[in-house]
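Content type mmCIF, C-alpha atoms, from the file entry24.cif:
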data_input
#
loop_
_atom_site.label_atom_id
_atom_site.label_comp_id
_atom_site.auth_asym_id
_atom_site.auth_seq_id
_atom_site.Cartn_x
_atom_site.Cartn_y
_atom_site.Cartn_z
CA MET E 1 0.65 -25.18 30.21
CA ILE E 2 -2.01 -22.48 30.59
CA PRO E 3 -1.67 -20.36 33.74
CA SER E 4 -4.45 -20.62 36.31
CA ARG E 5 -7.10 -17.94 36.67
CA GLU E 6 -5.45 -16.81 39.92
CA GLU E 7 -2.00 -16.55 38.35
CA MET E 8 -3.27 -14.45 35.47
CA ARG E 9 -5.28 -12.20 37.75
CA ARG E 10 -2.30 -11.73 40.07
CA GLU E 11 -0.14 -10.56 37.19
CA LEU E 12 -2.80 -8.13 35.97
CA ASP E 13 -3.19 -6.77 39.53
CA ARG E 14 0.55 -6.35 39.76
CA ARG E 15 0.80 -4.42 36.49
CA HIS E 16 -2.43 -2.42 36.57
CA GLY E 17 -3.07 -2.08 40.29
CA LYS E 18 -5.83 -4.02 42.08
CA VAL E 19 -8.29 -1.15 42.29
CA LEU E 20 -8.18 -0.56 38.55
CA GLN E 21 -8.18 -4.27 37.77
CA ASP E 22 -11.32 -4.78 39.87
CA ARG E 23 -13.02 -2.17 37.70
CA PHE E 24 -11.85 -3.81 34.49
CA ALA E 25 -12.94 -7.23 35.72
CA ASP E 26 -16.44 -5.93 36.54
CA ALA E 27 -16.98 -4.17 33.21
CA SER E 28 -19.16 -5.39 30.37
CA VAL E 29 -18.41 -4.04 26.91
CA ALA E 30 -20.45 -4.74 23.77
CA ILE E 31 -18.53 -4.78 20.52
CA CYS E 32 -20.80 -4.15 17.56
CA GLY E 33 -19.07 -5.34 14.41
CA LEU E 34 -16.05 -7.66 14.48
CA GLY E 35 -13.97 -6.40 11.58
CA GLY E 36 -10.71 -4.47 11.70
CA LEU E 37 -11.92 -2.23 14.50
CA GLY E 38 -13.96 -4.64 16.59
CA SER E 39 -11.56 -7.59 16.49
CA ASN E 40 -8.65 -5.38 17.52
CA VAL E 41 -10.62 -3.57 20.23
CA ALA E 42 -11.73 -6.94 21.64
CA THR E 43 -8.16 -8.23 21.64
CA ALA E 44 -6.88 -5.20 23.56
CA LEU E 45 -9.69 -5.41 26.12
CA ALA E 46 -9.27 -9.15 26.61
CA ARG E 47 -5.55 -8.72 27.25
CA ALA E 48 -6.30 -6.00 29.81
CA GLY E 49 -8.62 -8.30 31.75
CA VAL E 50 -11.95 -6.65 30.97
CA GLY E 51 -14.35 -9.14 32.52
CA HIS E 52 -17.11 -9.49 29.96
CA LEU E 53 -16.93 -9.00 26.22
CA HIS E 54 -20.15 -9.22 24.23
CA LEU E 55 -19.35 -9.86 20.58
CA ILE E 56 -21.96 -9.11 17.94
CA ASP E 57 -21.67 -9.68 14.18
CA PHE E 58 -23.70 -11.55 11.55
CA ASP E 59 -20.85 -12.17 9.12
CA ARG E 60 -18.36 -14.95 8.50
CA VAL E 61 -14.58 -14.58 8.24
CA ASP E 62 -13.45 -14.00 4.65
CA ILE E 63 -9.97 -14.33 3.18
CA SER E 64 -10.06 -10.58 2.45
CA ASN E 65 -10.30 -9.91 6.21
CA LEU E 66 -6.91 -11.37 7.02
CA ASN E 67 -5.02 -8.20 6.07
CA ARG E 68 -6.23 -6.38 9.19
CA GLN E 69 -8.59 -8.41 11.33
CA GLN E 70 -7.65 -10.68 14.22
CA TYR E 71 -8.46 -13.97 12.52
CA MET E 72 -6.30 -16.88 11.45
CA ALA E 73 -5.76 -18.34 7.99
CA HIS E 74 -7.76 -21.45 8.90
CA GLN E 75 -10.84 -19.45 9.89
CA PRO E 76 -12.44 -18.23 6.63
CA GLY E 77 -16.05 -19.43 6.52
CA VAL E 78 -16.44 -19.46 10.32
CA PHE E 79 -18.79 -16.93 11.94
CA LYS E 80 -16.72 -14.00 13.21
CA THR E 81 -18.35 -14.27 16.62
CA GLU E 82 -17.22 -17.88 17.01
CA ALA E 83 -13.77 -17.34 15.46
CA LEU E 84 -13.00 -14.29 17.59
CA LYS E 85 -14.25 -15.97 20.74
CA GLU E 86 -11.89 -18.88 20.04
CA ASN E 87 -8.97 -16.51 19.46
CA LEU E 88 -9.68 -14.36 22.52
CA LEU E 89 -9.89 -17.39 24.76
CA MET E 90 -6.46 -18.49 23.57
CA ILE E 91 -5.12 -15.12 24.76
CA ALA E 92 -7.25 -14.69 27.87
CA PRO E 93 -8.86 -18.01 28.82
CA TYR E 94 -10.83 -16.66 31.78
CA VAL E 95 -12.53 -13.70 30.15
CA LYS E 96 -16.29 -14.15 29.79
CA VAL E 97 -17.16 -13.93 26.11
CA THR E 98 -20.77 -14.00 24.98
CA VAL E 99 -21.74 -13.89 21.32
CA ASP E 100 -24.75 -12.89 19.27
CA THR E 101 -24.51 -13.91 15.62
CA VAL E 102 -27.08 -11.49 14.31
CA ARG E 103 -27.34 -8.33 12.26
CA ILE E 104 -27.93 -5.35 14.56
CA THR E 105 -31.05 -3.41 13.57
CA GLU E 106 -33.19 -0.74 15.18
CA GLU E 107 -35.57 -3.53 16.15
CA ASN E 108 -33.09 -5.56 18.23
CA ILE E 109 -30.58 -2.99 19.58
CA ARG E 110 -32.38 -2.38 22.84
CA ARG E 111 -32.61 -6.08 23.68
CA LEU E 112 -29.09 -6.94 22.52
CA LEU E 113 -27.32 -4.16 24.41
CA ARG E 114 -29.42 -3.90 27.55
CA ASN E 115 -26.83 -5.46 29.87
CA ASP E 116 -23.68 -3.77 28.56
CA ASP E 117 -22.26 -0.62 30.16
CA ILE E 118 -20.20 0.55 27.23
CA ILE E 119 -20.96 0.15 23.54
CA CYS E 120 -18.17 0.03 20.99
CA GLU E 121 -19.44 0.86 17.51
CA ALA E 122 -17.13 -0.92 15.11
CA PHE E 123 -19.15 -1.35 11.93
CA ASP E 124 -17.67 -0.76 8.49
CA VAL E 125 -20.69 0.72 6.69
CA ALA E 126 -21.21 4.44 7.38
CA GLU E 127 -25.00 4.21 7.36
CA ALA E 128 -24.88 1.41 9.95
CA LYS E 129 -22.57 3.50 12.16
CA ALA E 130 -24.99 6.43 12.00
CA MET E 131 -27.98 4.18 12.67
CA LEU E 132 -26.43 2.69 15.82
CA ALA E 133 -25.18 6.05 17.10
CA ASN E 134 -28.52 7.76 16.58
CA PHE E 135 -30.44 4.92 18.20
CA ILE E 136 -28.27 4.72 21.29
CA LEU E 137 -28.01 8.48 21.81
CA GLU E 138 -31.74 8.84 21.40
CA ASN E 139 -33.04 5.76 23.22
CA MET E 140 -30.33 4.50 25.57
CA PRO E 141 -28.77 7.70 26.95
CA GLU E 142 -27.37 5.89 29.97
CA LYS E 143 -24.86 4.00 27.79
CA TYR E 144 -21.39 5.15 26.87
CA LEU E 145 -20.80 4.96 23.12
CA VAL E 146 -17.32 4.82 21.60
CA SER E 147 -17.49 4.98 17.83
CA GLY E 148 -14.93 4.79 15.00
CA SER E 149 -15.00 6.84 11.82
CA GLY E 150 -12.19 7.56 9.38
CA MET E 151 -9.19 5.21 9.30
CA ALA E 152 -8.79 4.25 5.63
CA GLY E 153 -5.57 4.49 3.65
CA ILE E 154 -2.06 5.13 4.91
CA LEU E 155 -2.41 8.80 5.82
CA SER E 156 -0.54 10.10 8.84
CA SER E 157 -1.08 8.27 12.11
CA ASN E 158 -1.38 11.61 13.84
CA THR E 159 -4.63 12.62 12.15
CA ILE E 160 -6.47 9.91 14.09
CA ARG E 161 -7.74 11.21 17.39
CA THR E 162 -10.40 10.74 20.03
CA ARG E 163 -13.04 13.43 20.30
CA LYS E 164 -15.69 13.74 22.99
CA VAL E 165 -18.78 14.78 21.06
CA THR E 166 -21.23 14.84 23.97
CA GLU E 167 -21.22 13.66 27.56
CA LYS E 168 -21.26 9.94 26.74
CA PHE E 169 -20.41 9.84 23.04
CA TYR E 170 -16.80 9.56 21.91
CA LEU E 171 -15.65 9.44 18.30
CA CYS E 172 -12.27 8.01 17.23
CA GLY E 173 -10.71 8.41 13.79
CA ASP E 174 -9.78 11.17 11.37
CA GLU E 175 -13.52 11.55 10.47
CA ILE E 176 -12.51 12.03 6.81
CA SER E 177 -10.76 9.11 5.13
CA ASP E 178 -13.50 6.95 3.65
CA ALA E 179 -12.98 3.31 2.72
CA ASP E 180 -15.80 3.72 0.20
CA LYS E 181 -13.56 6.07 -1.81
CA GLY E 182 -11.05 3.37 -2.61
CA ASP E 183 -8.21 4.19 -0.21
CA GLY E 184 -8.15 0.64 1.13
CA LEU E 185 -7.91 -0.42 4.75
CA PHE E 186 -4.56 -1.31 6.28
CA SER E 187 -3.86 -3.19 9.47
CA SER E 188 -1.59 -0.50 10.91
CA ARG E 189 -3.93 2.46 10.58
CA VAL E 190 -7.08 0.51 11.43
CA MET E 191 -5.28 -0.69 14.58
CA ILE E 192 -4.46 2.90 15.53
CA CYS E 193 -8.14 3.76 15.39
CA ALA E 194 -9.08 0.56 17.24
CA ALA E 195 -6.46 1.35 19.89
CA HIS E 196 -8.00 4.81 20.35
CA GLN E 197 -11.36 3.17 20.90
CA ALA E 198 -9.98 0.54 23.26
CA ASN E 199 -8.04 3.12 25.25
CA MET E 200 -11.08 5.37 25.59
CA ILE E 201 -13.11 2.39 26.77
CA MET E 202 -10.42 1.61 29.37
CA ARG E 203 -10.46 5.25 30.48
CA ILE E 204 -14.25 5.22 30.88
CA ILE E 205 -14.05 2.04 32.96
CA ALA E 206 -11.37 3.72 35.06
CA GLY E 207 -13.63 6.74 35.58
CA LYS E 208 -11.55 9.09 33.43
CA TYR E 209 -14.11 10.67 31.15
CA ASP E 210 -12.05 13.34 29.41
CA VAL E 211 -10.13 12.53 26.25
CA MET X 1 -25.39 33.25 15.44
CA VAL X 2 -25.30 29.47 15.57
CA LYS X 3 -22.11 27.57 16.32
CA ILE X 4 -21.84 24.46 14.13
CA ASN X 5 -18.83 22.16 14.58
CA GLY X 6 -16.98 24.99 16.28
CA LYS X 7 -17.64 27.64 13.62
CA SER X 8 -20.08 30.50 13.89
CA CYS X 9 -22.66 30.39 11.09
CA ASN X 10 -25.55 32.48 10.03
CA ALA X 11 -27.99 29.56 10.17
CA LYS X 12 -30.50 31.01 12.65
CA GLY X 13 -34.06 30.01 11.74
CA LYS X 14 -32.94 27.39 9.26
CA LEU X 15 -34.43 23.90 9.47
CA ILE X 16 -31.88 21.22 10.23
CA ALA X 17 -32.96 19.21 7.18
CA VAL X 18 -32.47 22.23 4.94
CA TYR X 19 -29.07 23.07 6.41
CA LEU X 20 -27.82 19.48 6.03
CA SER X 21 -29.00 19.30 2.45
CA GLU X 22 -27.49 22.69 1.50
CA GLU X 23 -24.16 21.69 3.01
CA GLY X 24 -24.14 18.41 1.12
CA TYR X 25 -24.49 16.04 4.06
CA ASP X 26 -25.87 12.57 3.44
CA LEU X 27 -28.78 12.30 5.87
CA LYS X 28 -28.28 8.56 6.27
CA ARG X 29 -24.73 9.07 7.56
CA VAL X 30 -25.17 11.83 10.12
CA ALA X 31 -25.91 12.30 13.78
CA VAL X 32 -26.81 15.81 14.95
CA GLU X 33 -26.37 17.08 18.49
CA LYS X 34 -27.82 20.40 19.56
CA ASN X 35 -26.87 21.90 22.92
CA GLY X 36 -25.64 18.52 24.09
CA GLU X 37 -28.75 16.56 23.10
CA ILE X 38 -29.21 14.27 20.13
CA VAL X 39 -31.76 15.54 17.63
CA PRO X 40 -33.97 12.60 16.59
CA LYS X 41 -33.92 12.11 12.83
CA SER X 42 -37.70 12.47 12.80
CA GLN X 43 -37.23 16.06 14.00
CA TYR X 44 -34.86 17.29 11.26
CA GLU X 45 -37.79 18.52 9.17
CA ASN X 46 -39.38 20.56 11.93
CA THR X 47 -36.51 21.78 14.10
CA ALA X 48 -34.89 25.12 13.28
CA PHE X 49 -31.61 26.45 14.64
CA GLU X 50 -32.02 29.20 17.19
CA ASN X 51 -29.69 32.00 18.13
CA GLY X 52 -26.96 30.72 20.46
CA ASP X 53 -27.40 27.05 19.57
CA ILE X 54 -24.27 24.95 19.75
CA VAL X 55 -24.46 22.18 17.19
CA GLU X 56 -22.29 19.19 16.42
CA ILE X 57 -22.82 17.33 13.18
CA VAL X 58 -21.05 13.99 12.98
CA SER X 59 -20.85 12.62 9.46
CA PHE X 60 -19.73 9.01 9.47
CA VAL X 61 -17.43 7.61 6.79
CA GLY X 62 -17.00 3.98 5.78
CA GLY X 63 -14.35 1.56 7.01
CA GLY X 64 -13.79 -0.64 10.01
#
As structure tokens, how would this structure be written, given the file I've shared?
Amino acid sequence: MIPSREEMRRELDRRHGKVLQDRFADASVAICGLGGLGSNVATALARAGVGHLHLIDFDRVDISNLNRQQYMAHQPGVFKTEALKENLLMIAPYVKVTVDTVRITEENIRRLLRNDDIICEAFDVAEAKAMLANFILENMPEKYLVSGSGMAGILSSNTIRTRKVTEKFYLCGDEISDADKGDGLFSSRVMICAAHQANMIMRIIAGKYDV
Amino acid sequence: MVKINGKSCNAKGKLIAVYLSEEGYDLKRVAVEKNGEIVPKSQYENTAFENGDIVEIVSFVGGG
């Protein structure tokens, strides 16, 4: 038996406080890339009652994703947008989830992200991360950008941190460990980085802009 | 002096593109902020560091 919208909201109000929960419920967060970072960020935000999650990815779930991404063993072959939406709605049935199954390029960023307050950069390819960051910082300075860089391997948890680079640009990760150098990506450490991103997003929504 | 990623450097007068290349940065993976503002990639070739500039170079790595 799934709880009603009112029951779920009441519990969130009770735990988070109504003032804060109103802010979460009104927020719209775009998640660009639904891999180990994006799928975990989305899960944390959905559980917290963030009102609108905008999921963007062009790719399909692959068996190799199951070591760290929030997908199920029956979902390989399904678009990540559709699979994650299904999974999020099982956790938080009243969150508004919109999806765009498309590759984000300089040509479509402005249109895709125009209605979102906060942008979570959660790509895996370094060049794509840099492209999105440069475009938003240059062309959409009103947006908050929370990016992830450096979470490969099983190095210490404590090297992953959140850094405020400029007024609206936050960077989470150790900024060093590179998946392209063969260290592998592990659920635990990727989740630490994703949790840094999710927590910074929650702080921004709450009006706490320091790290 | 120019402060780059928290360290004082003698990079005054140097073009951003030249500095990035000398330091071994991959231009496709970086974002450069100067005095709190993003430097558009198209400006790397014709923007030089000036005395007192505070610069942040973010170099993205793969994984997500």
Distance-based interface of chain E with chain X, 6 Å, counting only C-alpha atoms, as a short mmCIF file (atom, residue, chain, number, x, y, z; two decimals) with C-alpha atoms, keeping the file's coordinate frame:
data_model
loop_
_atom_site.label_atom_id
_atom_site.label_comp_id
_atom_site.auth_asym_id
_atom_site.auth_seq_id
_atom_site.Cartn_x
_atom_site.Cartn_y
_atom_site.Cartn_z
CA GLY E 35 -13.97 -6.40 11.58
CA GLY E 36 -10.71 -4.47 11.70
CA LEU E 37 -11.92 -2.23 14.50
CA PHE E 123 -19.15 -1.35 11.93
CA ASP E 124 -17.67 -0.76 8.49
CA VAL E 125 -20.69 0.72 6.69
CA ALA E 126 -21.21 4.44 7.38
CA GLU E 127 -25.00 4.21 7.36
CA ALA E 130 -24.99 6.43 12.00
CA ASN E 134 -28.52 7.76 16.58
CA SER E 149 -15.00 6.84 11.82
CA GLY E 150 -12.19 7.56 9.38
CA THR E 166 -21.23 14.84 23.97
CA ASP E 178 -13.50 6.95 3.65
CA ALA E 179 -12.98 3.31 2.72
CA ASP E 180 -15.80 3.72 0.20
#
Handout entry: Selection under test: the PyMOL selection byres ((chain X and resi 9) around 12); residues as an MDAnalysis selection string
Key = chainID X and resid 1:8 10:14 19 23 49:55
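The spacing separating atom CA of E:Arg103 from atom CA of E:Ala194 amounts to 20.9 Å.
Reported to one decimal place, the separation of atom CA of E:Arg60 from atom CA of E:Gly77 is 5.4 Å.
Residues having any atom no farther than 6 Å from (-23.3, 3.3, 21.0) (counting all atoms listed in the file) are E:Ile119, E:Glu121, E:Ala133, E:Ile136, E:Leu145.
Distance-wise, atom CA of E:Ser64 and atom CA of E:Gly173 end up 22.1 Å apart.
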Problem - Chain and number of each residue from the PyMOL selection byres ((chain X and resi 15) around 6), as a count of residues only - result: 6
